[in-house]
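Below: model_19.pdb (PDB, C-alpha atoms and all ligand atoms)
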ATOM      1  CA  MET A   1      67.968  39.903 122.064  1.00  0.00           C
ATOM      2  CA  PRO A   2      67.750  38.245 125.474  1.00  0.00           C
ATOM      3  CA  ARG A   3      70.902  36.863 126.933  1.00  0.00           C
ATOM      4  CA  LEU A   4      70.628  33.118 126.401  1.00  0.00           C
ATOM      5  CA  ARG A   5      71.490  30.578 129.008  1.00  0.00           C
ATOM      6  CA  THR A   6      70.671  26.943 128.603  1.00  0.00           C
ATOM      7  CA  SER A   7      71.447  25.966 132.172  1.00  0.00           C
ATOM      8  CA  GLY A   8      72.229  27.414 135.558  1.00  0.00           C
ATOM      9  CA  PHE A   9      70.525  30.102 137.552  1.00  0.00           C
ATOM     10  CA  PHE A  10      67.900  31.552 135.229  1.00  0.00           C
ATOM     11  CA  PRO A  11      64.769  29.742 134.113  1.00  0.00           C
ATOM     12  CA  TRP A  12      65.443  29.758 130.397  1.00  0.00           C
ATOM     13  CA  PRO A  13      63.792  26.849 128.595  1.00  0.00           C
ATOM     14  CA  ALA A  14      65.889  23.773 128.070  1.00  0.00           C
ATOM     15  CA  PHE A  15      66.709  24.063 124.384  1.00  0.00           C
ATOM     16  CA  GLY A  16      66.813  20.660 122.753  1.00  0.00           C
ATOM     17  CA  SER A  17      68.607  21.639 119.590  1.00  0.00           C
ATOM     18  CA  ALA A  18      70.653  24.362 117.993  1.00  0.00           C
ATOM     19  CA  ALA A  19      67.712  25.060 115.657  1.00  0.00           C
ATOM     20  CA  ARG A  20      65.398  25.667 118.640  1.00  0.00           C
ATOM     21  CA  LEU A  21      67.979  27.941 120.185  1.00  0.00           C
ATOM     22  CA  GLN A  22      68.195  29.942 116.971  1.00  0.00           C
ATOM     23  CA  GLU A  23      64.397  30.155 116.737  1.00  0.00           C
ATOM     24  CA  PHE A  24      64.221  31.492 120.259  1.00  0.00           C
ATOM     25  CA  ALA A  25      67.033  33.955 119.636  1.00  0.00           C
ATOM     26  CA  ALA A  26      65.302  35.211 116.491  1.00  0.00           C
ATOM     27  CA  GLY A  27      62.079  35.748 118.474  1.00  0.00           C
ATOM     28  CA  HIS A  28      60.056  33.616 116.043  1.00  0.00           C
ATOM     29  CA  PRO A  29      59.686  30.192 117.612  1.00  0.00           C
ATOM     30  CA  SER A  30      57.777  27.784 115.405  1.00  0.00           C
ATOM     31  CA  ASN A  31      55.881  26.280 118.305  1.00  0.00           C
ATOM     32  CA  LEU A  32      55.222  28.803 121.062  1.00  0.00           C
ATOM     33  CA  LYS A  33      53.081  26.476 123.181  1.00  0.00           C
ATOM     34  CA  GLU A  34      55.783  23.841 123.243  1.00  0.00           C
ATOM     35  CA  ILE A  35      58.331  26.401 124.302  1.00  0.00           C
ATOM     36  CA  ASP A  36      56.030  27.835 127.006  1.00  0.00           C
ATOM     37  CA  MET A  37      55.562  24.326 128.408  1.00  0.00           C
ATOM     38  CA  ALA A  38      59.307  23.745 128.366  1.00  0.00           C
ATOM     39  CA  LYS A  39      59.790  27.094 130.121  1.00  0.00           C
ATOM     40  CA  ALA A  40      57.217  26.227 132.788  1.00  0.00           C
ATOM     41  CA  ALA A  41      58.771  22.807 133.382  1.00  0.00           C
ATOM     42  CA  SER A  42      62.208  24.336 133.590  1.00  0.00           C
ATOM     43  CA  ALA A  43      61.045  27.106 135.930  1.00  0.00           C
ATOM     44  CA  SER A  44      59.639  24.563 138.353  1.00  0.00           C
ATOM     45  CA  THR A  45      63.032  22.833 138.620  1.00  0.00           C
ATOM     46  CA  GLN A  46      65.310  25.882 138.301  1.00  0.00           C
ATOM     47  CA  PRO A  47      64.324  28.604 140.748  1.00  0.00           C
ATOM     48  CA  PHE A  48      65.094  32.187 139.703  1.00  0.00           C
ATOM     49  CA  LEU A  49      66.608  32.941 143.124  1.00  0.00           C
ATOM     50  CA  SER A  50      67.425  31.035 146.265  1.00  0.00           C
ATOM     51  CA  ASP A  51      64.217  30.410 148.227  1.00  0.00           C
ATOM     52  CA  ILE A  52      63.352  32.991 150.887  1.00  0.00           C
ATOM     53  CA  LYS A  53      64.209  30.709 153.796  1.00  0.00           C
ATOM     54  CA  THR A  54      67.688  30.010 152.419  1.00  0.00           C
ATOM     55  CA  LEU A  55      68.295  33.701 151.642  1.00  0.00           C
ATOM     56  CA  ARG A  56      67.258  34.718 155.175  1.00  0.00           C
ATOM     57  CA  ALA A  57      69.381  32.020 156.808  1.00  0.00           C
ATOM     58  CA  ARG A  58      72.432  32.976 154.739  1.00  0.00           C
ATOM     59  CA  ALA A  59      72.007  36.679 155.576  1.00  0.00           C
ATOM     60  CA  ARG A  60      71.977  35.865 159.315  1.00  0.00           C
ATOM     61  CA  LYS A  61      75.234  33.939 159.118  1.00  0.00           C
ATOM     62  CA  HIS A  62      78.438  35.952 159.672  1.00  0.00           C
ATOM     63  CA  ILE A  63      76.528  39.162 160.292  1.00  0.00           C
ATOM     64  CA  GLU A  64      79.835  40.719 161.419  1.00  0.00           C
ATOM     65  CA  ASN A  65      80.862  40.800 157.740  1.00  0.00           C
ATOM     66  CA  GLY A  66      78.391  43.630 157.065  1.00  0.00           C
ATOM     67  CA  ALA A  67      77.887  44.099 153.328  1.00  0.00           C
ATOM     68  CA  VAL A  68      79.989  41.010 152.504  1.00  0.00           C
ATOM     69  CA  THR A  69      77.555  38.094 152.373  1.00  0.00           C
ATOM     70  CA  ASP A  70      78.110  34.390 151.699  1.00  0.00           C
ATOM     71  CA  GLY A  71      77.064  35.126 148.121  1.00  0.00           C
ATOM     72  CA  TYR A  72      80.114  37.377 147.566  1.00  0.00           C
ATOM     73  CA  GLN A  73      81.850  35.615 144.705  1.00  0.00           C
ATOM     74  CA  ALA A  74      85.154  37.444 144.295  1.00  0.00           C
ATOM     75  CA  ASP A  75      88.382  36.824 146.206  1.00  0.00           C
ATOM     76  CA  ARG A  76      87.983  39.594 148.782  1.00  0.00           C
ATOM     77  CA  ALA A  77      91.704  39.788 149.663  1.00  0.00           C
ATOM     78  CA  VAL A  78      92.639  40.202 145.994  1.00  0.00           C
ATOM     79  CA  VAL A  79      89.957  42.854 145.427  1.00  0.00           C
ATOM     80  CA  VAL A  80      91.109  44.822 148.502  1.00  0.00           C
ATOM     81  CA  LYS A  81      94.727  44.620 147.290  1.00  0.00           C
ATOM     82  CA  LEU A  82      93.754  45.858 143.812  1.00  0.00           C
ATOM     83  CA  LEU A  83      91.667  48.664 145.309  1.00  0.00           C
ATOM     84  CA  ASN A  84      94.600  49.737 147.488  1.00  0.00           C
ATOM     85  CA  GLU A  85      96.788  49.956 144.384  1.00  0.00           C
ATOM     86  CA  ALA A  86      94.069  52.050 142.723  1.00  0.00           C
ATOM     87  CA  LEU A  87      93.894  54.222 145.854  1.00  0.00           C
ATOM     88  CA  ALA A  88      97.669  54.793 145.719  1.00  0.00           C
ATOM     89  CA  THR A  89      97.358  55.706 142.036  1.00  0.00           C
ATOM     90  CA  GLU A  90      94.647  58.272 142.786  1.00  0.00           C
ATOM     91  CA  LEU A  91      96.660  59.773 145.674  1.00  0.00           C
ATOM     92  CA  VAL A  92      99.753  60.150 143.481  1.00  0.00           C
ATOM     93  CA  CYS A  93      97.595  61.739 140.760  1.00  0.00           C
ATOM     94  CA  ILE A  94      96.165  64.245 143.277  1.00  0.00           C
ATOM     95  CA  LEU A  95      99.704  65.221 144.340  1.00  0.00           C
ATOM     96  CA  ARG A  96     100.921  65.528 140.736  1.00  0.00           C
ATOM     97  CA  TYR A  97      97.917  67.631 139.633  1.00  0.00           C
ATOM     98  CA  LYS A  98      98.268  69.865 142.707  1.00  0.00           C
ATOM     99  CA  ARG A  99     101.953  70.429 141.975  1.00  0.00           C
ATOM    100  CA  HIS A 100     101.085  71.254 138.354  1.00  0.00           C
ATOM    101  CA  PHE A 101      98.278  73.584 139.431  1.00  0.00           C
ATOM    102  CA  PHE A 102     100.602  75.637 141.624  1.00  0.00           C
ATOM    103  CA  MET A 103     103.538  75.562 139.203  1.00  0.00           C
ATOM    104  CA  ALA A 104     101.675  76.316 135.956  1.00  0.00           C
ATOM    105  CA  SER A 105     103.088  79.475 134.425  1.00  0.00           C
ATOM    106  CA  GLY A 106     103.130  81.229 131.076  1.00  0.00           C
ATOM    107  CA  ILE A 107     100.624  82.904 128.795  1.00  0.00           C
ATOM    108  CA  ASN A 108      98.205  79.941 128.744  1.00  0.00           C
ATOM    109  CA  ALA A 109      98.673  79.059 132.397  1.00  0.00           C
ATOM    110  CA  ASP A 110      95.374  80.163 133.911  1.00  0.00           C
ATOM    111  CA  ALA A 111      93.002  77.976 131.907  1.00  0.00           C
ATOM    112  CA  VAL A 112      95.338  74.982 132.080  1.00  0.00           C
ATOM    113  CA  ALA A 113      95.854  75.419 135.838  1.00  0.00           C
ATOM    114  CA  GLN A 114      92.079  75.379 136.344  1.00  0.00           C
ATOM    115  CA  GLU A 115      91.923  72.095 134.441  1.00  0.00           C
ATOM    116  CA  PHE A 116      94.687  70.659 136.682  1.00  0.00           C
ATOM    117  CA  LEU A 117      92.789  71.771 139.774  1.00  0.00           C
ATOM    118  CA  GLN A 118      89.531  70.250 138.575  1.00  0.00           C
ATOM    119  CA  HIS A 119      91.272  66.949 137.853  1.00  0.00           C
ATOM    120  CA  ALA A 120      92.913  66.978 141.304  1.00  0.00           C
ATOM    121  CA  THR A 121      89.487  67.434 142.894  1.00  0.00           C
ATOM    122  CA  GLU A 122      87.998  64.612 140.827  1.00  0.00           C
ATOM    123  CA  GLU A 123      90.895  62.264 141.665  1.00  0.00           C
ATOM    124  CA  GLN A 124      90.207  63.057 145.335  1.00  0.00           C
ATOM    125  CA  GLY A 125      86.610  61.974 144.772  1.00  0.00           C
ATOM    126  CA  HIS A 126      87.855  58.697 143.254  1.00  0.00           C
ATOM    127  CA  ALA A 127      90.195  58.104 146.201  1.00  0.00           C
ATOM    128  CA  ASP A 128      87.285  58.605 148.623  1.00  0.00           C
ATOM    129  CA  LEU A 129      85.032  56.205 146.706  1.00  0.00           C
ATOM    130  CA  ILE A 130      87.756  53.551 146.632  1.00  0.00           C
ATOM    131  CA  ALA A 131      88.587  53.915 150.341  1.00  0.00           C
ATOM    132  CA  THR A 132      84.886  53.644 151.205  1.00  0.00           C
ATOM    133  CA  ARG A 133      84.558  50.444 149.196  1.00  0.00           C
ATOM    134  CA  ILE A 134      87.701  48.946 150.808  1.00  0.00           C
ATOM    135  CA  VAL A 135      86.139  49.500 154.246  1.00  0.00           C
ATOM    136  CA  GLN A 136      82.829  47.973 153.075  1.00  0.00           C
ATOM    137  CA  LEU A 137      84.820  44.912 152.030  1.00  0.00           C
ATOM    138  CA  LYS A 138      86.282  44.729 155.554  1.00  0.00           C
ATOM    139  CA  GLY A 139      89.720  45.786 154.372  1.00  0.00           C
ATOM    140  CA  GLU A 140      91.846  48.763 155.411  1.00  0.00           C
ATOM    141  CA  PRO A 141      92.622  51.635 153.026  1.00  0.00           C
ATOM    142  CA  ASN A 142      96.367  52.240 152.836  1.00  0.00           C
ATOM    143  CA  PHE A 143      97.048  55.991 153.052  1.00  0.00           C
ATOM    144  CA  SER A 144     100.626  55.558 154.217  1.00  0.00           C
ATOM    145  CA  PRO A 145     103.058  57.918 152.453  1.00  0.00           C
ATOM    146  CA  GLU A 146     105.701  55.226 152.829  1.00  0.00           C
ATOM    147  CA  GLY A 147     105.944  53.334 149.549  1.00  0.00           C
ATOM    148  CA  LEU A 148     103.074  55.330 148.022  1.00  0.00           C
ATOM    149  CA  ALA A 149     104.878  55.953 144.715  1.00  0.00           C
ATOM    150  CA  MET A 150     105.771  52.244 144.507  1.00  0.00           C
ATOM    151  CA  ARG A 151     102.172  51.126 145.079  1.00  0.00           C
ATOM    152  CA  SER A 152     100.840  53.562 142.478  1.00  0.00           C
ATOM    153  CA  HIS A 153     100.454  52.472 138.866  1.00  0.00           C
ATOM    154  CA  ALA A 154     100.976  56.024 137.608  1.00  0.00           C
ATOM    155  CA  GLU A 155     104.163  58.026 138.194  1.00  0.00           C
ATOM    156  CA  TYR A 156     104.741  61.345 139.900  1.00  0.00           C
ATOM    157  CA  VAL A 157     106.545  63.463 137.320  1.00  0.00           C
ATOM    158  CA  GLU A 158     106.856  67.201 137.975  1.00  0.00           C
ATOM    159  CA  GLY A 159     107.544  68.377 134.411  1.00  0.00           C
ATOM    160  CA  ASP A 160     109.566  71.467 133.482  1.00  0.00           C
ATOM    161  CA  SER A 161     107.092  73.324 131.289  1.00  0.00           C
ATOM    162  CA  LEU A 162     103.319  73.592 130.932  1.00  0.00           C
ATOM    163  CA  ILE A 163     103.459  71.260 127.928  1.00  0.00           C
ATOM    164  CA  ASP A 164     105.580  68.728 129.865  1.00  0.00           C
ATOM    165  CA  MET A 165     103.065  68.791 132.709  1.00  0.00           C
ATOM    166  CA  ILE A 166     100.114  68.183 130.391  1.00  0.00           C
ATOM    167  CA  ARG A 167     101.994  65.365 128.626  1.00  0.00           C
ATOM    168  CA  GLU A 168     102.899  63.678 131.925  1.00  0.00           C
ATOM    169  CA  ASP A 169      99.312  63.965 133.150  1.00  0.00           C
ATOM    170  CA  LEU A 170      98.088  62.447 129.895  1.00  0.00           C
ATOM    171  CA  VAL A 171     100.521  59.527 130.289  1.00  0.00           C
ATOM    172  CA  ALA A 172      99.314  58.987 133.869  1.00  0.00           C
ATOM    173  CA  GLU A 173      95.666  59.041 132.765  1.00  0.00           C
ATOM    174  CA  ARG A 174      96.434  56.487 130.069  1.00  0.00           C
ATOM    175  CA  VAL A 175      98.087  54.251 132.684  1.00  0.00           C
ATOM    176  CA  ALA A 176      94.983  54.620 134.893  1.00  0.00           C
ATOM    177  CA  ILE A 177      92.679  53.795 131.952  1.00  0.00           C
ATOM    178  CA  GLU A 178      94.635  50.592 131.253  1.00  0.00           C
ATOM    179  CA  SER A 179      94.753  49.484 134.884  1.00  0.00           C
ATOM    180  CA  TYR A 180      91.062  50.213 135.599  1.00  0.00           C
ATOM    181  CA  GLY A 181      90.127  48.303 132.438  1.00  0.00           C
ATOM    182  CA  GLU A 182      92.143  45.307 133.615  1.00  0.00           C
ATOM    183  CA  MET A 183      90.579  45.418 137.084  1.00  0.00           C
ATOM    184  CA  ILE A 184      87.069  45.614 135.635  1.00  0.00           C
ATOM    185  CA  ARG A 185      87.726  42.615 133.378  1.00  0.00           C
ATOM    186  CA  TYR A 186      89.250  40.670 136.286  1.00  0.00           C
ATOM    187  CA  ILE A 187      86.301  41.343 138.619  1.00  0.00           C
ATOM    188  CA  GLY A 188      83.688  40.607 135.952  1.00  0.00           C
ATOM    189  CA  ASP A 189      80.368  39.614 137.541  1.00  0.00           C
ATOM    190  CA  ARG A 190      81.895  38.481 140.813  1.00  0.00           C
ATOM    191  CA  ASP A 191      81.620  41.835 142.641  1.00  0.00           C
ATOM    192  CA  ILE A 192      79.128  44.013 140.810  1.00  0.00           C
ATOM    193  CA  THR A 193      79.290  46.997 143.185  1.00  0.00           C
ATOM    194  CA  THR A 194      83.076  47.285 142.913  1.00  0.00           C
ATOM    195  CA  ARG A 195      82.904  46.804 139.163  1.00  0.00           C
ATOM    196  CA  ARG A 196      80.288  49.542 138.742  1.00  0.00           C
ATOM    197  CA  MET A 197      82.342  51.929 140.861  1.00  0.00           C
ATOM    198  CA  LEU A 198      85.447  51.189 138.774  1.00  0.00           C
ATOM    199  CA  GLU A 199      83.475  51.629 135.548  1.00  0.00           C
ATOM    200  CA  GLY A 200      82.390  55.108 136.708  1.00  0.00           C
ATOM    201  CA  ILE A 201      85.970  56.043 137.580  1.00  0.00           C
ATOM    202  CA  LEU A 202      87.268  54.656 134.278  1.00  0.00           C
ATOM    203  CA  ALA A 203      84.789  56.805 132.332  1.00  0.00           C
ATOM    204  CA  MET A 204      86.072  59.894 134.149  1.00  0.00           C
ATOM    205  CA  GLU A 205      89.739  59.005 133.541  1.00  0.00           C
ATOM    206  CA  GLU A 206      88.886  58.767 129.845  1.00  0.00           C
ATOM    207  CA  GLU A 207      87.363  62.268 130.045  1.00  0.00           C
ATOM    208  CA  HIS A 208      90.520  63.514 131.759  1.00  0.00           C
ATOM    209  CA  ALA A 209      92.708  62.022 129.026  1.00  0.00           C
ATOM    210  CA  ASP A 210      90.487  63.614 126.396  1.00  0.00           C
ATOM    211  CA  ASP A 211      90.669  67.035 128.139  1.00  0.00           C
ATOM    212  CA  LEU A 212      94.468  66.844 128.244  1.00  0.00           C
ATOM    213  CA  SER A 213      94.688  65.735 124.647  1.00  0.00           C
ATOM    214  CA  SER A 214      92.524  68.746 123.628  1.00  0.00           C
ATOM    215  CA  LEU A 215      94.766  71.075 125.661  1.00  0.00           C
ATOM    216  CA  LEU A 216      97.811  69.781 123.808  1.00  0.00           C
ATOM    217  CA  GLU A 217      96.040  70.363 120.495  1.00  0.00           C
ATOM    218  CA  ASP A 218      94.984  73.874 121.537  1.00  0.00           C
ATOM    219  CA  LEU A 219      98.570  74.658 122.453  1.00  0.00           C
ATOM    220  CA  GLY A 220      99.684  73.337 119.090  1.00  0.00           C
ATOM    221  CA  ARG A 221     101.584  70.278 120.308  1.00  0.00           C
TER     222      ARG A 221
HETATM  223 FE    FE B   1      91.024  59.118 139.195  1.00  0.00          FE
HETATM  224 FE    FE B   2      92.171  61.151 136.063  1.00  0.00          FE
END
For the structure just supplied, provide its representation as structure tokens.
Amino acid sequence: MPRLRTSGFFPWPAFGSAARLQEFAAGHPSNLKEIDMAKAASASTQPFLSDIKTLRARARKHIENGAVTDGYQADRAVVVKLLNEALATELVCILRYKRHFFMASGINADAVAQEFLQHATEEQGHADLIATRIVQLKGEPNFSPEGLAMRSHAEYVEGDSLIDMIREDLVAERVAIESYGEMIRYIGDRDITTRRMLEGILAMEEEHADDLSSLLEDLGR
């Protein structure tokens, strides 16, 4: 079913009644010609995009802002701040997974350590993506070790045993899943590139949580 909009940016026909709206949504309008005419009339008054001249003029303005155009709809300062918190979270997760990788010991240690290492590498990839996006948004990525643990959503917990380590990593992944979900919902349609990046990262954090949960099951906990 098409996404229905009765006003605004897209040239959907001006629906006169709820019944007409329902007919259109059902894909069986009772009077196609009438609807086509309404569509055509609406299209002539509601352009699909800004006209070319306006688009070109807007792109030339503030060229120093690079990828950030006048059409950028989010609050850039807020998005950069959120991304820096996400960056801190990823950096703390890299450090925690690295510690766990080197400290894993016991009969099941090898396979679990490899999982920790893989997660550390993937968190590094997330950190790089986030830092790149911060720079594109004309912000500065905060890599300072000072206050890193405070900026991070997830905690750095060393854990005494292999099981403790896996549990702590699972908790941290669940924190990341919650915070990425909140960021995605906050950004909505206002910064699609950032949202898509965060959606990709979120999907991987969910995989990480699932991996850790399976490890706990395999180890009988
Ligand atoms: Fe991550
Ligand atoms: Fe993760």
### Task
Return as a PyMOL selection string the set of residues that the PyMOL selection byres (((chain A and resi 140) around 12) and not hetatm) yields on the displayed structure.
chain A and resi 76-77+79-81+83-84+87+130-139+141-144
What's the 7 Å shell around segment 186-194 of chain A, counting only C-alpha atoms, without same-chain residues fewer than 5 positions away, as a PDB file with C-alpha atoms, in the coordinates of the input?
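Writing done, so here's part_7.pdb:
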ATOM      1  CA  TYR A  72      80.114  37.377 147.566  1.00  0.00           C
ATOM      2  CA  GLN A  73      81.850  35.615 144.705  1.00  0.00           C
ATOM      3  CA  ALA A  74      85.154  37.444 144.295  1.00  0.00           C
TER       4      ALA A  74
END
### Cut-off 8 Å around (96.0, 77.8, 139.7) with only C-alpha atoms: residues as number ranges by chain
A: 101-104, 109-110, 113-114, 116-117
Give me, as JSON lines, the closest atom pair and its distance (Å, one decimal) for every residue of chain A within a cut-off of 8 Å of ligand FE 2 (chain B), counting only C-alpha atoms and all ligand atoms, rows sorted by chain and rising number.
{"residue": "A:Glu90", "atom": "CA", "partner": "B:FE2", "partner_atom": "FE", "distance": 7.7}
{"residue": "A:Cys93", "atom": "CA", "partner": "B:FE2", "partner_atom": "FE", "distance": 7.2}
{"residue": "A:His119", "atom": "CA", "partner": "B:FE2", "partner_atom": "FE", "distance": 6.1}
{"residue": "A:Ala120", "atom": "CA", "partner": "B:FE2", "partner_atom": "FE", "distance": 7.9}
{"residue": "A:Glu122", "atom": "CA", "partner": "B:FE2", "partner_atom": "FE", "distance": 7.2}
{"residue": "A:Glu123", "atom": "CA", "partner": "B:FE2", "partner_atom": "FE", "distance": 5.9}
{"residue": "A:Ala172", "atom": "CA", "partner": "B:FE2", "partner_atom": "FE", "distance": 7.8}
{"residue": "A:Glu173", "atom": "CA", "partner": "B:FE2", "partner_atom": "FE", "distance": 5.2}
{"residue": "A:Ala176", "atom": "CA", "partner": "B:FE2", "partner_atom": "FE", "distance": 7.2}
{"residue": "A:Met204", "atom": "CA", "partner": "B:FE2", "partner_atom": "FE", "distance": 6.5}
{"residue": "A:Glu205", "atom": "CA", "partner": "B:FE2", "partner_atom": "FE", "distance": 4.1}
{"residue": "A:Glu206", "atom": "CA", "partner": "B:FE2", "partner_atom": "FE", "distance": 7.4}
{"residue": "A:Glu207", "atom": "CA", "partner": "B:FE2", "partner_atom": "FE", "distance": 7.8}
{"residue": "A:His208", "atom": "CA", "partner": "B:FE2", "partner_atom": "FE", "distance": 5.2}
{"residue": "A:Ala209", "atom": "CA", "partner": "B:FE2", "partner_atom": "FE", "distance": 7.1}
### Query
What is the atom CA of Leu82 of chain A to atom CA of Leu170 of chain A distance in Å?
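So the answer is 22.1 Å.
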### Task
Rank A:Ala149, A:Leu49, A:Leu129, A:Ala67 by their smallest atom-to-atom distance to ligand FE 1 (chain B), using all atoms listed in the file, and report the top residue only.
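The answer is A:Leu129, which sits nearest to ligand FE 1 (chain B).
For the choices A:Asp70, A:Asp160, A:Asp75, A:Glu182, the atom-to-atom distance to Gly106 of chain A is smallest for A:Asp160 when using all atoms listed in the file.
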### Message
I need the residue nearest ligand FE 1 (chain B) from this list: A:Arg174, A:His126, A:Arg96, A:Arg167. Use all atoms listed in the file for the distance.
### Response
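Residue with the minimum atom-to-atom distance to ligand FE 1 (chain B): A:His126.
The shortest atom-to-atom distance to ligand FE 1 (chain B), with all atoms listed in the file taken into account, belongs to A:His153 out of A:Arg195, A:Arg99, A:Arg60, A:His153.
The space separating atom CA of Asp211 of chain A from atom CA of Gln118 of chain A comes to 11.0 Å.
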### Message
I'd like the contact shell of Arg58 of chain A - 8 Å cut-off, all atoms listed in the file, skipping same-chain residues fewer than 3 positions apart - returned as a list in words.
### Response
Thr54, Leu55, Lys61, Thr69 and Asp70 of chain A
Atoms to include: C-alpha atoms. Write the selected residues as a PDB file, keeping the file's coordinate frame.
ATOM      1  CA  THR A  54      67.688  30.010 152.419  1.00  0.00           C
ATOM      2  CA  LEU A  55      68.295  33.701 151.642  1.00  0.00           C
ATOM      3  CA  LYS A  61      75.234  33.939 159.118  1.00  0.00           C
ATOM      4  CA  THR A  69      77.555  38.094 152.373  1.00  0.00           C
ATOM      5  CA  ASP A  70      78.110  34.390 151.699  1.00  0.00           C
TER       6      ASP A  70
END
### Task
Go ahead and compute the interatomic distance for atom CA of Ala127 of chain A and atom CA of Val78 of chain A, in Å to one decimal.
18.1 Å
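Residue nearest ligand FE 1 (chain B) within the list A:Leu202, A:Ala57, A:Ile163, A:Ala111: A:Leu202 [criterion: smallest interatomic distance, only C-alpha atoms and all ligand atoms].
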### Message
With distances taken over all atoms listed in the file, which residue among A:Gly147, A:Gly71, A:Gly220, A:Gly200 lies nearest ligand FE 1 (chain B)?
### Response
A:Gly200
### Task
Within 8 Å of Ser152 of chain A, counting only C-alpha atoms, which residues show up once you throw out same-chain ones fewer than 3 positions away? Write them as a list of chain:residue names, please.
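My list of contacting residues is A:Glu85, A:Ala86, A:Leu87, A:Ala88, A:Thr89, A:Glu90, A:Val92, A:Leu148, A:Ala149, A:Glu155.
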With 5 Å on each side, where is the centre of the axis-aligned box around all listed atoms of segment 58-61 of chain A, and how long are its edges in Å to one decimal, as AutoDock Vina command-line options?
--center_x 73.6 --center_y 34.8 --center_z 157.0 --size_x 13.3 --size_y 13.7 --size_z 14.6
